[in-house]
$ cat structure-v9.cif   # mmCIF, C-alpha atoms and all ligand atoms
data_data
loop_
_atom_site.group_PDB
_atom_site.id
_atom_site.type_symbol
_atom_site.label_atom_id
_atom_site.label_comp_id
_atom_site.auth_asym_id
_atom_site.auth_seq_id
_atom_site.Cartn_x
_atom_site.Cartn_y
_atom_site.Cartn_z
ATOM 1 C CA MET A 1 -4.636 -95.157 -29.877
ATOM 2 C CA LYS A 2 -4.332 -92.373 -27.309
ATOM 3 C CA SER A 3 -3.203 -89.048 -28.566
ATOM 4 C CA PRO A 4 -0.528 -87.243 -26.569
ATOM 5 C CA ASN A 5 -3.056 -84.470 -26.026
ATOM 6 C CA SER A 6 -5.525 -86.562 -24.048
ATOM 7 C CA THR A 7 -2.749 -87.690 -21.722
ATOM 8 C CA ILE A 8 -1.896 -84.100 -20.986
ATOM 9 C CA THR A 9 -5.552 -83.243 -20.370
ATOM 10 C CA CYS A 10 -5.828 -86.160 -18.014
ATOM 11 C CA PHE A 11 -2.851 -85.068 -15.927
ATOM 12 C CA PHE A 12 -4.220 -81.576 -15.814
ATOM 13 C CA LEU A 13 -7.578 -82.797 -14.513
ATOM 14 C CA ILE A 14 -5.961 -84.843 -11.764
ATOM 15 C CA PHE A 15 -4.001 -81.799 -10.738
ATOM 16 C CA LEU A 16 -7.190 -79.718 -10.523
ATOM 17 C CA LEU A 17 -9.063 -82.359 -8.534
ATOM 18 C CA THR A 18 -6.228 -82.739 -6.055
ATOM 19 C CA ASN A 19 -6.193 -79.024 -5.608
ATOM 20 C CA SER A 20 -9.911 -78.660 -5.021
ATOM 21 C CA ALA A 21 -9.801 -81.426 -2.405
ATOM 22 C CA PHE A 22 -7.491 -79.225 -0.392
ATOM 23 C CA ALA A 23 -9.678 -77.610 2.222
ATOM 24 C CA GLY A 24 -7.338 -74.740 2.967
ATOM 25 C CA GLU A 25 -9.144 -72.232 0.812
ATOM 26 C CA SER A 26 -12.644 -73.182 1.923
ATOM 27 C CA VAL A 27 -12.256 -73.088 5.689
ATOM 28 C CA HIS A 28 -12.392 -69.838 7.604
ATOM 29 C CA ILE A 29 -11.963 -69.552 11.330
ATOM 30 C CA GLN A 30 -13.186 -66.425 13.061
ATOM 31 C CA ASN A 31 -14.058 -64.880 16.420
ATOM 32 C CA ALA A 32 -11.728 -67.083 18.439
ATOM 33 C CA TRP A 33 -11.571 -66.122 22.098
ATOM 34 C CA ILE A 34 -10.909 -67.588 25.514
ATOM 35 C CA ARG A 35 -12.886 -66.574 28.554
ATOM 36 C CA GLU A 36 -10.706 -64.944 31.185
ATOM 37 C CA ALA A 37 -10.827 -66.809 34.491
ATOM 38 C CA PRO A 38 -9.443 -66.079 37.959
ATOM 39 C CA PRO A 39 -5.754 -67.097 38.164
ATOM 40 C CA THR A 40 -6.555 -70.014 40.468
ATOM 41 C CA ILE A 41 -8.826 -71.616 37.861
ATOM 42 C CA LYS A 42 -6.838 -73.955 35.652
ATOM 43 C CA VAL A 43 -9.642 -74.910 33.285
ATOM 44 C CA MET A 44 -10.805 -72.348 30.751
ATOM 45 C CA ALA A 45 -13.350 -72.275 27.950
ATOM 46 C CA GLY A 46 -12.641 -71.161 24.392
ATOM 47 C CA TYR A 47 -14.952 -70.275 21.531
ATOM 48 C CA LEU A 48 -14.673 -69.842 17.760
ATOM 49 C CA ASP A 49 -16.569 -70.106 14.494
ATOM 50 C CA ILE A 50 -15.476 -72.507 11.759
ATOM 51 C CA GLU A 51 -16.922 -71.779 8.342
ATOM 52 C CA ASN A 52 -16.837 -74.703 5.927
ATOM 53 C CA SER A 53 -17.586 -73.343 2.473
ATOM 54 C CA SER A 54 -16.541 -76.546 0.731
ATOM 55 C CA ASP A 55 -18.961 -79.196 -0.503
ATOM 56 C CA ARG A 56 -17.736 -81.926 1.819
ATOM 57 C CA ALA A 57 -17.988 -82.442 5.553
ATOM 58 C CA LEU A 58 -15.000 -81.628 7.719
ATOM 59 C CA THR A 59 -14.094 -83.566 10.833
ATOM 60 C CA LEU A 60 -12.193 -81.755 13.528
ATOM 61 C CA VAL A 61 -10.224 -84.300 15.565
ATOM 62 C CA SER A 62 -7.940 -82.349 17.873
ATOM 63 C CA ALA A 63 -6.845 -78.993 19.212
ATOM 64 C CA GLU A 64 -3.612 -78.116 20.955
ATOM 65 C CA SER A 65 -1.755 -75.068 22.201
ATOM 66 C CA PRO A 66 1.764 -74.475 23.505
ATOM 67 C CA GLU A 67 0.107 -72.573 26.382
ATOM 68 C CA PHE A 68 -2.042 -75.460 27.637
ATOM 69 C CA GLU A 69 -1.445 -79.036 28.722
ATOM 70 C CA ARG A 70 -4.385 -80.252 26.658
ATOM 71 C CA ILE A 71 -7.560 -79.135 24.917
ATOM 72 C CA GLU A 72 -10.817 -81.076 24.672
ATOM 73 C CA PHE A 73 -14.035 -80.496 22.766
ATOM 74 C CA HIS A 74 -17.042 -80.252 25.083
ATOM 75 C CA ILE A 75 -20.738 -79.665 24.850
ATOM 76 C CA SER A 76 -22.753 -78.066 27.652
ATOM 77 C CA GLN A 77 -26.175 -79.524 28.236
ATOM 78 C CA VAL A 78 -28.789 -78.979 30.871
ATOM 79 C CA GLU A 79 -30.219 -82.248 32.204
ATOM 80 C CA ASN A 80 -32.877 -82.129 34.919
ATOM 81 C CA GLY A 81 -31.916 -78.562 35.660
ATOM 82 C CA VAL A 82 -28.224 -79.395 36.096
ATOM 83 C CA ALA A 83 -25.635 -78.089 33.634
ATOM 84 C CA ARG A 84 -23.236 -80.793 32.542
ATOM 85 C CA MET A 85 -20.387 -80.967 30.099
ATOM 86 C CA GLN A 86 -19.661 -83.901 27.910
ATOM 87 C CA GLN A 87 -16.477 -84.514 25.953
ATOM 88 C CA GLN A 88 -16.802 -84.967 22.189
ATOM 89 C CA LYS A 89 -14.056 -86.912 20.424
ATOM 90 C CA ARG A 90 -14.667 -85.178 17.122
ATOM 91 C CA ILE A 91 -16.656 -82.327 15.659
ATOM 92 C CA ILE A 92 -18.273 -82.709 12.256
ATOM 93 C CA ILE A 93 -18.831 -79.567 10.225
ATOM 94 C CA ASP A 94 -21.317 -80.125 7.428
ATOM 95 C CA PRO A 95 -20.682 -78.776 3.926
ATOM 96 C CA ASN A 96 -21.498 -75.085 3.492
ATOM 97 C CA THR A 97 -22.217 -74.451 7.144
ATOM 98 C CA THR A 98 -20.613 -72.525 9.969
ATOM 99 C CA PHE A 99 -20.041 -74.415 13.198
ATOM 100 C CA SER A 100 -19.948 -72.242 16.302
ATOM 101 C CA PHE A 101 -18.291 -73.046 19.567
ATOM 102 C CA GLU A 102 -20.211 -70.606 21.770
ATOM 103 C CA PRO A 103 -21.147 -70.025 25.406
ATOM 104 C CA GLY A 104 -23.780 -72.501 26.550
ATOM 105 C CA GLY A 105 -23.066 -74.993 23.745
ATOM 106 C CA TYR A 106 -19.970 -76.477 22.209
ATOM 107 C CA HIS A 107 -16.699 -75.114 23.532
ATOM 108 C CA LEU A 108 -13.017 -75.835 23.729
ATOM 109 C CA MET A 109 -11.988 -76.859 27.227
ATOM 110 C CA LEU A 110 -8.420 -75.767 27.859
ATOM 111 C CA PHE A 111 -6.576 -77.435 30.739
ATOM 112 C CA ASN A 112 -3.639 -76.226 32.841
ATOM 113 C CA ASN A 113 -2.248 -73.075 31.296
ATOM 114 C CA SER A 114 1.507 -72.629 31.627
ATOM 115 C CA THR A 115 1.370 -68.812 31.644
ATOM 116 C CA PRO A 116 -1.180 -66.355 33.121
ATOM 117 C CA MET A 117 -4.222 -65.819 30.905
ATOM 118 C CA ARG A 118 -5.058 -62.145 31.238
ATOM 119 C CA GLU A 119 -7.400 -60.140 29.098
ATOM 120 C CA GLY A 120 -5.801 -59.116 25.799
ATOM 121 C CA LYS A 121 -3.384 -62.032 25.563
ATOM 122 C CA ASN A 122 -3.214 -63.900 22.261
ATOM 123 C CA VAL A 123 -3.093 -67.664 22.474
ATOM 124 C CA SER A 124 -2.001 -69.782 19.548
ATOM 125 C CA ILE A 125 -4.214 -72.821 18.954
ATOM 126 C CA LYS A 126 -3.650 -75.527 16.371
ATOM 127 C CA LEU A 127 -6.645 -77.399 14.996
ATOM 128 C CA THR A 128 -6.179 -80.726 13.252
ATOM 129 C CA PHE A 129 -8.737 -82.202 10.874
ATOM 130 C CA LYS A 130 -9.231 -85.855 10.003
ATOM 131 C CA ASP A 131 -7.594 -85.460 6.591
ATOM 132 C CA GLY A 132 -4.420 -84.352 8.342
ATOM 133 C CA GLU A 133 -4.808 -80.675 7.604
ATOM 134 C CA THR A 134 -3.971 -78.260 10.367
ATOM 135 C CA TYR A 135 -4.873 -74.645 11.097
ATOM 136 C CA VAL A 136 -3.103 -72.355 13.474
ATOM 137 C CA LEU A 137 -5.176 -69.492 14.836
ATOM 138 C CA ASP A 138 -4.924 -66.837 17.513
ATOM 139 C CA ALA A 139 -7.538 -66.706 20.252
ATOM 140 C CA LYS A 140 -7.793 -63.561 22.356
ATOM 141 C CA VAL A 141 -8.385 -63.759 26.086
ATOM 142 C CA LYS A 142 -11.461 -61.700 26.939
ATOM 143 C CA LYS A 143 -13.714 -61.109 29.909
ATOM 144 C CA SER A 144 -17.088 -62.732 29.679
ATOM 145 C CA ASN A 145 -19.746 -60.206 28.695
ATOM 146 C CA SER A 146 -22.739 -62.287 29.597
ATOM 147 C CA ASN A 147 -23.862 -64.422 32.506
ATOM 148 C CA ASP A 148 -24.655 -67.445 30.404
ATOM 149 C CA SER A 149 -25.091 -70.960 31.662
ATOM 150 C CA HIS A 150 -21.558 -72.197 31.162
ATOM 151 C CA HIS A 151 -19.957 -73.463 34.342
ATOM 152 C CA HIS A 152 -16.286 -73.916 34.891
ATOM 153 C CA ASP A 153 -16.888 -76.541 37.534
ATOM 154 C CA HIS A 154 -16.203 -80.002 36.278
ATOM 155 C CA ASN A 155 -17.156 -83.471 37.246
ATOM 156 C CA HIS A 156 -14.623 -85.322 35.161
HETATM 157 CU CU CU B 201 -16.230 -77.906 29.293
#

$ encode --input "structure-v9.cif" --output "structure tokens"
Amino acid sequence: MKSPNSTITCFFLIFLLTNSAFAGESVHIQNAWIREAPPTIKVMAGYLDIENSSDRALTLVSAESPEFERIEFHISQVENGVARMQQQKRIIIDPNTTFSFEPGGYHLMLFNNSTPMREGKNVSIKLTFKDGETYVLDAKVKKSNSNDSHHHDHNH
């Protein structure tokens, strides 16, 4: 026969497990910025670091902002000397790693801003993960400080 005590312990354990499966405390997003572009350019690149200090992989499935029509995940690659960008439907962040969107590699591609994007502006971006969790972060518009290989020209 079960003692009342073991039932209580059991409930308590379930509560703890549910809590630890919540990624909120083990995900940190830092260094979010958007590269300032001339006002006529309606496609901009954004960068950030996502630190996953949990012991399970995270899958980033979408990004959105009230300031932009849409946001895609892209990777820049050089093929036969030509820089190309390819859309990625999802981004997987392995357990205990930091995933960087950075110039020349993975980046957010932000389309059709509704307001001018000048240096110093803060842009709210919402990230959604596969488990339904969302994060809202601020990305600062900054001038590029390096002449890296990222191109704003698209062949979509
Ligand atoms: Cu791109």

$ resolve_selection --input "structure-v9.cif" --expression "the PyMOL selection byres (((not hetatm)) within 7 of (chain B and resi 201))" --output "count of residues only"
9

$ residues_near_point --input "structure-v9.cif" --point "(-8.8, -70.5, 38.7)" --cutoff "12 Å" --atoms "all atoms listed in the file" --output "number ranges by chain"
A: 35-45, 111-113, 116-118, 152-153

$ axis_aligned_box --input "structure-v9.cif" --around "stretch 97-107 of chain A" --padding-each-side "6 Å" --output "AutoDock Vina command-line options"
--center_x -20.2 --center_y -73.3 --center_z 16.8 --size_x 19.1 --size_y 18.5 --size_z 31.4

$ resolve_selection --input "structure-v9.cif" --expression "the PyMOL selection byres (((chain A and resi 61-69) around 12) and not hetatm)" --output "PyMOL selection string"
chain A and resi 42-46+58-60+70-74+87-93+107-117+121-139

$ residues_near_point --input "structure-v9.cif" --point "(-13.1, -66.1, 21.9)" --cutoff "9 Å" --atoms "only C-alpha atoms" --output "list of chain:residue names"
A:Gln30, A:Asn31, A:Ala32, A:Trp33, A:Ile34, A:Arg35, A:Ala45, A:Gly46, A:Tyr47, A:Leu48, A:Phe101, A:Glu102, A:Ala139, A:Lys140, A:Val141, A:Lys142

$ atom_distance --input "structure-v9.cif" --atom1 "atom CA of A:Gln77" --atom2 "atom CA of A:Gly105"
7.1 Å

$ atom_distance --input "structure-v9.cif" --atom1 "atom CA of A:Lys143" --atom2 "atom CA of A:Gly104"
15.6 Å

$ atom_distance --input "structure-v9.cif" --atom1 "atom CA of A:Tyr106" --atom2 "atom CA of A:Asn80"
19.0 Å

$ closest_residue --input "structure-v9.cif" --among "A:Asp49, A:Ser100, A:Gln86, A:Ser54" --to "A:Ser26" --atoms "only C-alpha atoms"
A:Ser54

$ closest_residue --input "structure-v9.cif" --among "A:Gly120, A:Gly81, A:His28, A:Asn52" --to "A:Pro95" --atoms "all atoms listed in the file"
A:Asn52
